[in-house]
$ cat coords-v7.cif   # mmCIF, C-alpha atoms
data_target
loop_
_atom_site.label_atom_id
_atom_site.label_comp_id
_atom_site.auth_asym_id
_atom_site.auth_seq_id
_atom_site.Cartn_x
_atom_site.Cartn_y
_atom_site.Cartn_z
CA MET O 1 98.18 -139.97 -71.30
CA PRO O 2 96.75 -139.94 -67.72
CA GLN O 3 98.83 -136.83 -67.01
CA GLN O 4 97.30 -134.89 -69.90
CA LEU O 5 93.80 -136.09 -69.01
CA ASP O 6 94.29 -134.96 -65.41
CA ARG O 7 95.49 -131.62 -66.77
CA LEU O 8 92.33 -131.24 -68.85
CA LEU O 9 90.12 -132.13 -65.89
CA GLU O 10 91.92 -129.52 -63.78
CA ILE O 11 91.50 -126.88 -66.50
CA MET O 12 87.76 -127.52 -66.59
CA ALA O 13 87.57 -127.38 -62.78
CA ARG O 14 89.23 -123.96 -62.83
CA LEU O 15 86.97 -122.71 -65.61
CA ARG O 16 83.95 -123.73 -63.54
CA ASP O 17 85.25 -122.36 -60.24
CA PRO O 18 82.38 -120.20 -58.83
CA GLU O 19 84.75 -117.47 -57.65
CA THR O 20 87.61 -117.36 -60.16
CA GLY O 21 86.24 -119.22 -63.17
CA CYS O 22 85.26 -118.08 -66.66
CA GLU O 23 81.96 -116.20 -66.81
CA TRP O 24 80.87 -117.93 -70.00
CA ASP O 25 81.73 -121.45 -68.80
CA LEU O 26 79.97 -120.84 -65.49
CA ALA O 27 76.81 -119.75 -67.28
CA GLN O 28 76.47 -123.05 -69.16
CA ASP O 29 74.36 -126.08 -68.29
CA PHE O 30 73.70 -129.47 -69.89
CA ALA O 31 71.12 -128.10 -72.29
CA SER O 32 73.22 -125.16 -73.48
CA ILE O 33 76.31 -127.33 -74.05
CA ALA O 34 74.50 -130.20 -75.82
CA PRO O 35 74.39 -128.44 -79.24
CA TYR O 36 78.15 -127.89 -79.06
CA THR O 37 78.65 -131.57 -78.28
CA ILE O 38 76.69 -132.57 -81.38
CA GLU O 39 78.52 -129.98 -83.50
CA GLU O 40 81.93 -131.23 -82.37
CA ALA O 41 81.01 -134.82 -83.24
CA TYR O 42 80.07 -133.69 -86.75
CA GLU O 43 83.34 -131.78 -87.08
CA VAL O 44 85.26 -134.95 -86.20
CA ALA O 45 83.35 -136.84 -88.89
CA ASP O 46 83.95 -134.06 -91.42
CA ALA O 47 87.71 -134.02 -90.79
CA ILE O 48 87.85 -137.81 -91.15
CA GLU O 49 85.91 -137.68 -94.41
CA ARG O 50 88.34 -135.11 -95.80
CA GLY O 51 91.34 -137.14 -94.64
CA ALA O 52 92.65 -134.18 -92.62
CA MET O 53 94.40 -136.10 -89.86
CA ASP O 54 95.84 -133.02 -88.13
CA GLU O 55 92.30 -131.67 -87.89
CA VAL O 56 91.02 -135.05 -86.67
CA ARG O 57 93.43 -134.78 -83.73
CA GLU O 58 92.24 -131.27 -82.94
CA GLU O 59 88.54 -132.07 -83.36
CA LEU O 60 88.81 -135.16 -81.17
CA GLY O 61 90.26 -132.90 -78.49
CA ASP O 62 87.30 -130.55 -78.87
CA LEU O 63 84.94 -133.52 -78.54
CA LEU O 64 86.78 -134.79 -75.47
CA LEU O 65 86.38 -131.35 -73.92
CA GLN O 66 82.63 -131.73 -74.30
CA VAL O 67 82.70 -134.99 -72.33
CA VAL O 68 84.82 -133.37 -69.64
CA PHE O 69 82.49 -130.35 -69.52
CA HIS O 70 79.37 -132.48 -69.03
CA ALA O 71 81.12 -134.65 -66.44
CA ARG O 72 82.24 -131.58 -64.50
CA MET O 73 78.72 -130.14 -64.40
CA ALA O 74 77.42 -133.51 -63.20
CA GLN O 75 80.08 -133.64 -60.49
CA GLU O 76 79.02 -130.21 -59.25
CA LYS O 77 75.49 -131.57 -58.84
CA ASN O 78 76.76 -134.73 -57.10
CA LEU O 79 75.38 -136.87 -59.93
CA PHE O 80 78.54 -138.56 -61.23
CA GLU O 81 82.17 -137.79 -62.10
CA PHE O 82 84.44 -138.31 -65.10
CA ASP O 83 85.76 -141.57 -63.62
CA ASP O 84 82.18 -142.85 -63.47
CA VAL O 85 81.76 -142.05 -67.18
CA ALA O 86 84.96 -143.92 -68.06
CA ARG O 87 84.02 -146.82 -65.80
CA ALA O 88 80.55 -147.11 -67.34
CA ILE O 89 81.81 -147.31 -70.92
CA SER O 90 84.57 -149.75 -69.90
CA ASP O 91 81.99 -152.00 -68.24
CA LYS O 92 79.74 -151.75 -71.27
CA MET O 93 82.48 -152.61 -73.77
CA GLU O 94 83.57 -155.63 -71.75
CA ALA O 95 79.97 -156.81 -71.43
CA ARG O 96 79.39 -156.37 -75.17
CA HIS O 97 82.51 -158.39 -76.03
CA PRO O 98 82.28 -161.48 -73.83
CA HIS O 99 84.19 -163.46 -76.46
CA ILE O 100 87.17 -161.14 -75.84
CA PHE O 101 86.96 -160.36 -72.12
CA GLY O 102 84.83 -163.23 -70.82
CA ILE O 103 84.55 -166.98 -71.10
CA ALA O 104 82.13 -167.10 -74.04
CA GLY O 105 83.62 -168.44 -77.25
CA GLY O 106 82.88 -167.71 -80.87
CA ALA O 107 82.89 -164.59 -82.96
CA MET O 108 80.63 -161.61 -82.34
CA THR O 109 77.82 -161.66 -84.91
CA GLU O 110 75.38 -158.84 -85.64
CA ARG O 111 72.57 -160.86 -84.07
CA ARG O 112 74.59 -161.49 -80.93
CA TRP O 113 75.50 -157.80 -80.73
CA GLU O 114 71.86 -156.77 -80.97
CA GLU O 115 70.89 -159.33 -78.33
CA LEU O 116 73.45 -157.87 -75.94
CA LYS O 117 72.21 -154.34 -76.59
CA ALA O 118 68.62 -155.49 -76.11
CA SER O 119 69.59 -157.03 -72.77
CA GLU O 120 71.14 -153.71 -71.73
CA ARG O 121 67.97 -151.83 -72.67
CA GLU O 122 65.85 -154.34 -70.75
CA ALA O 123 68.06 -153.92 -67.70
CA LYS O 124 67.41 -150.18 -67.89
CA GLY O 125 63.65 -150.78 -67.83
CA SER O 126 63.02 -150.56 -71.57
CA GLN O 127 59.43 -151.43 -72.45
CA SER O 128 59.43 -150.79 -76.20
CA ALA O 129 61.58 -151.65 -79.19
CA MET O 130 61.62 -147.90 -79.85
CA ASP O 131 63.33 -147.09 -76.55
CA GLY O 132 66.90 -145.89 -76.73
CA VAL O 133 66.81 -144.37 -80.23
CA ALA O 134 68.19 -140.93 -79.44
CA ARG O 135 65.93 -138.03 -80.40
CA ALA O 136 68.94 -135.83 -81.14
CA LEU O 137 70.07 -138.04 -84.03
CA PRO O 138 69.82 -136.59 -87.55
CA ALA O 139 66.25 -137.19 -88.68
CA LEU O 140 67.13 -139.52 -91.56
CA LEU O 141 69.41 -141.61 -89.37
CA ARG O 142 66.81 -141.79 -86.61
CA ALA O 143 64.11 -142.81 -89.10
CA GLU O 144 66.31 -145.66 -90.32
CA LYS O 145 67.06 -146.83 -86.78
CA LEU O 146 63.37 -146.77 -85.84
CA GLN O 147 62.53 -148.78 -88.95
CA LYS O 148 65.25 -151.33 -88.22
CA ARG O 149 63.94 -151.76 -84.68
CA ALA O 150 60.47 -152.41 -86.09
CA ALA O 151 61.89 -154.79 -88.70
CA ARG O 152 63.45 -156.96 -85.97
CA ASP O 153 59.90 -157.56 -84.72
CA GLY O 154 58.80 -158.52 -88.24
CA PHE O 155 57.10 -155.20 -89.04
CA ASP O 156 58.67 -154.66 -92.44
CA TRP O 157 58.15 -155.23 -96.15
CA GLY O 158 59.92 -158.21 -97.64
CA ASP O 159 60.69 -156.53 -100.94
CA THR O 160 61.14 -153.10 -102.55
CA GLU O 161 57.70 -152.87 -104.15
CA GLY O 162 55.89 -152.30 -100.85
CA PRO O 163 57.92 -149.26 -99.80
CA ALA O 164 57.97 -147.99 -103.40
CA ALA O 165 54.17 -148.02 -103.46
CA LYS O 166 54.14 -146.25 -100.11
CA VAL O 167 56.36 -143.47 -101.50
CA ARG O 168 53.95 -142.98 -104.41
CA GLU O 169 51.03 -142.91 -101.97
CA GLU O 170 52.70 -140.30 -99.76
CA MET O 171 53.60 -138.16 -102.80
CA ALA O 172 49.93 -138.06 -103.77
CA GLU O 173 48.85 -137.22 -100.23
CA LEU O 174 51.35 -134.36 -100.03
CA ALA O 175 50.11 -132.98 -103.35
CA GLU O 176 46.53 -133.00 -102.02
CA ALA O 177 47.30 -131.74 -98.51
CA ASP O 178 46.13 -128.33 -97.34
CA VAL O 179 48.53 -125.90 -95.68
CA ASP O 180 47.79 -127.19 -92.18
CA HIS O 181 48.75 -130.77 -93.08
CA ARG O 182 51.70 -130.27 -95.44
CA LEU O 183 54.31 -130.62 -92.72
CA GLU O 184 52.87 -133.95 -91.60
CA GLU O 185 52.53 -135.29 -95.14
CA ALA O 186 56.01 -134.11 -96.08
CA GLY O 187 57.37 -135.99 -93.06
CA ASP O 188 55.47 -139.11 -94.07
CA LEU O 189 56.97 -138.88 -97.56
CA LEU O 190 60.52 -138.55 -96.24
CA PHE O 191 59.98 -141.42 -93.80
CA ALA O 192 58.70 -143.59 -96.63
CA ALA O 193 61.70 -142.65 -98.78
CA VAL O 194 64.04 -143.79 -96.01
CA ASN O 195 62.19 -147.09 -95.92
CA LEU O 196 62.55 -147.50 -99.68
CA VAL O 197 66.29 -146.88 -99.84
CA ARG O 198 66.74 -149.13 -96.80
CA ALA O 199 64.99 -151.89 -98.75
CA TYR O 200 67.72 -151.51 -101.37
CA GLY O 201 70.39 -151.86 -98.70
CA VAL O 202 71.36 -148.17 -98.81
CA GLN O 203 71.86 -145.98 -95.74
CA ALA O 204 69.67 -142.91 -96.15
CA GLU O 205 71.97 -140.55 -94.25
CA GLU O 206 75.00 -141.64 -96.29
CA ALA O 207 73.06 -141.38 -99.56
CA LEU O 208 71.81 -137.86 -98.83
CA ARG O 209 75.26 -136.73 -97.72
CA ALA O 210 76.63 -137.94 -101.06
CA ALA O 211 73.82 -136.14 -102.92
CA ASN O 212 74.53 -132.94 -100.98
CA GLU O 213 78.22 -133.15 -101.91
CA LYS O 214 77.38 -133.73 -105.56
CA PHE O 215 74.93 -130.83 -105.69
CA GLU O 216 77.40 -128.47 -104.01
CA ARG O 217 80.21 -129.54 -106.33
CA ARG O 218 78.08 -129.04 -109.44
CA TYR O 219 76.70 -125.72 -108.23
CA ARG O 220 80.21 -124.41 -107.63
CA GLY O 221 81.08 -125.62 -111.11
CA MET O 222 78.23 -123.56 -112.57
CA GLU O 223 79.31 -120.50 -110.61
CA ASN O 224 82.86 -120.83 -111.88
CA ALA O 225 81.70 -121.30 -115.45
CA ALA O 226 79.49 -118.21 -115.21
CA GLU O 227 82.45 -116.15 -113.91
CA GLY O 228 80.47 -114.32 -111.26
CA ARG O 229 77.36 -113.77 -113.38
CA PHE O 230 75.40 -116.89 -112.40
CA ALA O 231 72.64 -115.15 -110.42
CA SER O 232 71.91 -112.82 -113.34
CA LEU O 233 71.38 -115.67 -115.84
CA SER O 234 67.94 -116.85 -116.86
CA LEU O 235 66.71 -120.19 -115.55
CA ASP O 236 67.20 -121.72 -119.02
CA GLN O 237 70.80 -120.50 -119.08
CA GLN O 238 71.40 -121.84 -115.58
CA GLU O 239 69.90 -125.18 -116.60
CA ALA O 240 72.22 -125.29 -119.62
CA LEU O 241 75.21 -124.72 -117.35
CA TRP O 242 74.00 -127.44 -115.00
CA ASN O 243 73.82 -129.94 -117.84
CA ALA O 244 77.25 -128.87 -119.08
CA VAL O 245 78.77 -129.45 -115.64
CA LYS O 246 77.11 -132.86 -115.44
CA ARG O 247 78.50 -133.84 -118.85
CA THR O 248 81.98 -132.70 -117.82
CA GLU O 249 81.80 -134.76 -114.61
CA ARG O 250 80.77 -137.82 -116.57
CA GLY O 251 83.53 -137.26 -119.13
CA THR O 252 81.17 -136.85 -122.06
CA ASP O 253 82.48 -133.44 -123.14
#
$ encode --input "coords-v7.cif" --output "C-alpha cells"
Amino acid sequence: MPQQLDRLLEIMARLRDPETGCEWDLAQDFASIAPYTIEEAYEVADAIERGAMDEVREELGDLLLQVVFHARMAQEKNLFEFDDVARAISDKMEARHPHIFGIAGGAMTERRWEELKASEREAKGSQSAMDGVARALPALLRAEKLQKRAARDGFDWGDTEGPAAKVREEMAELAEADVDHRLEEAGDLLFAAVNLVRAYGVQAEEALRAANEKFERRYRGMENAAEGRFASLSLDQQEALWNAVKRTERGTD
C-alpha cells in the first residue's frame, strides 16, 4: 500500500512539474479543482448505491487523486504536504475515539461524539453553533445540519404541527410574492419543508433522492409505454400513462 501511494504522489509531482508537467494540471488551482472533488465524492456514493463494487474501487481512486492534487498544490505554496493531511486526520480520529485509543472507558454515544466535535470547533476559534457547516454541501443537507445545530441550543419545535404550520405559511407567502421576492420565499418554503420532514425523523436529502429515483423510473416507464411518441401526446394522455405506470408499480394492474 505505501508503495502505491508513493507512486501516486510521484505521478502528481511530475504532472505539476513547472517545466515538464501537464499543461492542464499546471493550470489548475484549489478553486478550479474543488468542483471535481465534489463530483468524485458523488460518483463514489452513486457506485455504492448501485452496488457496483468494481466501480467503487475506481471511483475511490479518483477521489484519492483529488486529495493528492490538493495536497500537492499546497506543498508548492509551502502550506502543508500530504503527510500533514494524513497526520491531521489520524490525530482527529484518535481524539474522537478516546474509548478506543485513550484511557476513557465506555461506549461512544451520539452526545459524546457531538461534544468532541464541539470541542474541536472551539479549539479552532468557533464563535457560533453555525460555524463549520460547509457551504459546499447540498442545500437540503446543509439546511438539515443548520437546523440540527440550532436544535441543540433548544431552538426547535417539539412536535410536527409547528413546522407543518410554517410550511403552510411559507406556501402562502410564495403565492403572494412579487417577482423580486420569489427566490427568497421559495427558499424559505424549502427550508421549512426540511424542518418538517426532520420533525418526522426523515433525512431530507435521502427523501428527495428517493423521490428523484421514483420520478425518473416512472417517467422512463411512460416513455417505454408510449414507444417513442410520448412528447407528442396530450397532457391528458401523458397523465393517463403516468397513472398506469403507478398502478403497475403498486401491483394493482
$ atom_distance --input "coords-v7.cif" --atom1 "CA of Ser32 in chain O" --atom2 "CA of Leu137 in chain O"
16.9 Å
$ resolve_selection --input "coords-v7.cif" --expression "the PyMOL selection byres ((chain O and resi 200) around 12)" --output "list in words"
Trp157, Gly158, Asp159, Thr160, Glu161, Gly162, Pro163, Ala164, Ala193, Val194, Asn195, Leu196, Val197, Arg198, Ala199, Gly201, Val202, Gln203, Ala204 and Ala207 of chain O
$ write_last_selection --input "coords-v7.cif" --atoms "C-alpha atoms" --output "PDB file, in the coordinates of the input"
ATOM      1  CA  TRP O 157      58.150-155.230 -96.150  1.00  0.00           C
ATOM      2  CA  GLY O 158      59.920-158.210 -97.640  1.00  0.00           C
ATOM      3  CA  ASP O 159      60.690-156.530-100.940  1.00  0.00           C
ATOM      4  CA  THR O 160      61.140-153.100-102.550  1.00  0.00           C
ATOM      5  CA  GLU O 161      57.700-152.870-104.150  1.00  0.00           C
ATOM      6  CA  GLY O 162      55.890-152.300-100.850  1.00  0.00           C
ATOM      7  CA  PRO O 163      57.920-149.260 -99.800  1.00  0.00           C
ATOM      8  CA  ALA O 164      57.970-147.990-103.400  1.00  0.00           C
ATOM      9  CA  ALA O 193      61.700-142.650 -98.780  1.00  0.00           C
ATOM     10  CA  VAL O 194      64.040-143.790 -96.010  1.00  0.00           C
ATOM     11  CA  ASN O 195      62.190-147.090 -95.920  1.00  0.00           C
ATOM     12  CA  LEU O 196      62.550-147.500 -99.680  1.00  0.00           C
ATOM     13  CA  VAL O 197      66.290-146.880 -99.840  1.00  0.00           C
ATOM     14  CA  ARG O 198      66.740-149.130 -96.800  1.00  0.00           C
ATOM     15  CA  ALA O 199      64.990-151.890 -98.750  1.00  0.00           C
ATOM     16  CA  GLY O 201      70.390-151.860 -98.700  1.00  0.00           C
ATOM     17  CA  VAL O 202      71.360-148.170 -98.810  1.00  0.00           C
ATOM     18  CA  GLN O 203      71.860-145.980 -95.740  1.00  0.00           C
ATOM     19  CA  ALA O 204      69.670-142.910 -96.150  1.00  0.00           C
ATOM     20  CA  ALA O 207      73.060-141.380 -99.560  1.00  0.00           C
TER      21      ALA O 207
END
$ resolve_selection --input "coords-v7.cif" --expression "the PyMOL selection byres ((chain O and resi 39-47) around 9)" --output "list in words"
Ala34, Pro35, Tyr36, Thr37, Ile38, Ile48, Glu49, Arg50, Gly51, Ala52, Met53, Asp54, Glu55, Val56, Arg57, Glu58, Glu59, Leu60, Asp62, Leu63 and Gln66 of chain O
$ closest_residue --input "coords-v7.cif" --among "O:Glu176, O:Ala31, O:Leu116, O:Glu249" --to "Arg217 in chain O" --atoms "all atoms listed in the file"
O:Glu249
$ closest_residue --input "coords-v7.cif" --among "O:Ala240, O:Ala71, O:Ala123, O:Pro98" --to "Val85 in chain O" --atoms "all atoms listed in the file"
O:Ala71
$ resolve_selection --input "coords-v7.cif" --expression "the PyMOL selection byres ((chain O and resi 3-17) around 12)" --output "JSON, numbers by chain"
{"O": [1, 2, 18, 19, 20, 21, 22, 23, 24, 25, 26, 27, 28, 29, 61, 62, 64, 65, 66, 67, 68, 69, 70, 71, 72, 73, 74, 75, 76, 81, 82, 83, 86]}
$ atom_distance --input "coords-v7.cif" --atom1 "CA of Leu190 in chain O" --atom2 "CA of Ala134 in chain O"
18.6 Å
$ residues_around --input "coords-v7.cif" --residues "Leu141 in chain O" --least-positions-apart "3" --cutoff "6 Å" --atoms "all atoms listed in the file" --output "list in words"
Pro138, Glu144 and Glu205 of chain O
$ write_last_selection --input "coords-v7.cif" --atoms "C-alpha atoms" --output "PDB file, in the frame of the given file"
ATOM      1  CA  PRO O 138      69.820-136.590 -87.550  1.00  0.00           C
ATOM      2  CA  GLU O 144      66.310-145.660 -90.320  1.00  0.00           C
ATOM      3  CA  GLU O 205      71.970-140.550 -94.250  1.00  0.00           C
TER       4      GLU O 205
END
$ closest_residue --input "coords-v7.cif" --among "O:Leu146, O:Ala95, O:Ile89, O:Leu183" --to "Gly132 in chain O" --atoms "only C-alpha atoms"
O:Leu146
$ closest_residue --input "coords-v7.cif" --among "O:Arg182, O:Phe191, O:Ala118, O:Ala151" --to "Lys166 in chain O" --atoms "only C-alpha atoms"
O:Phe191
$ residues_near_point --input "coords-v7.cif" --point "(76.9, -127.8, -109.5)" --cutoff "10 Å" --atoms "all atoms listed in the file" --output "count of residues only"
19
$ atom_distance --input "coords-v7.cif" --atom1 "CA of Asp131 in chain O" --atom2 "CA of Leu79 in chain O"
22.9 Å
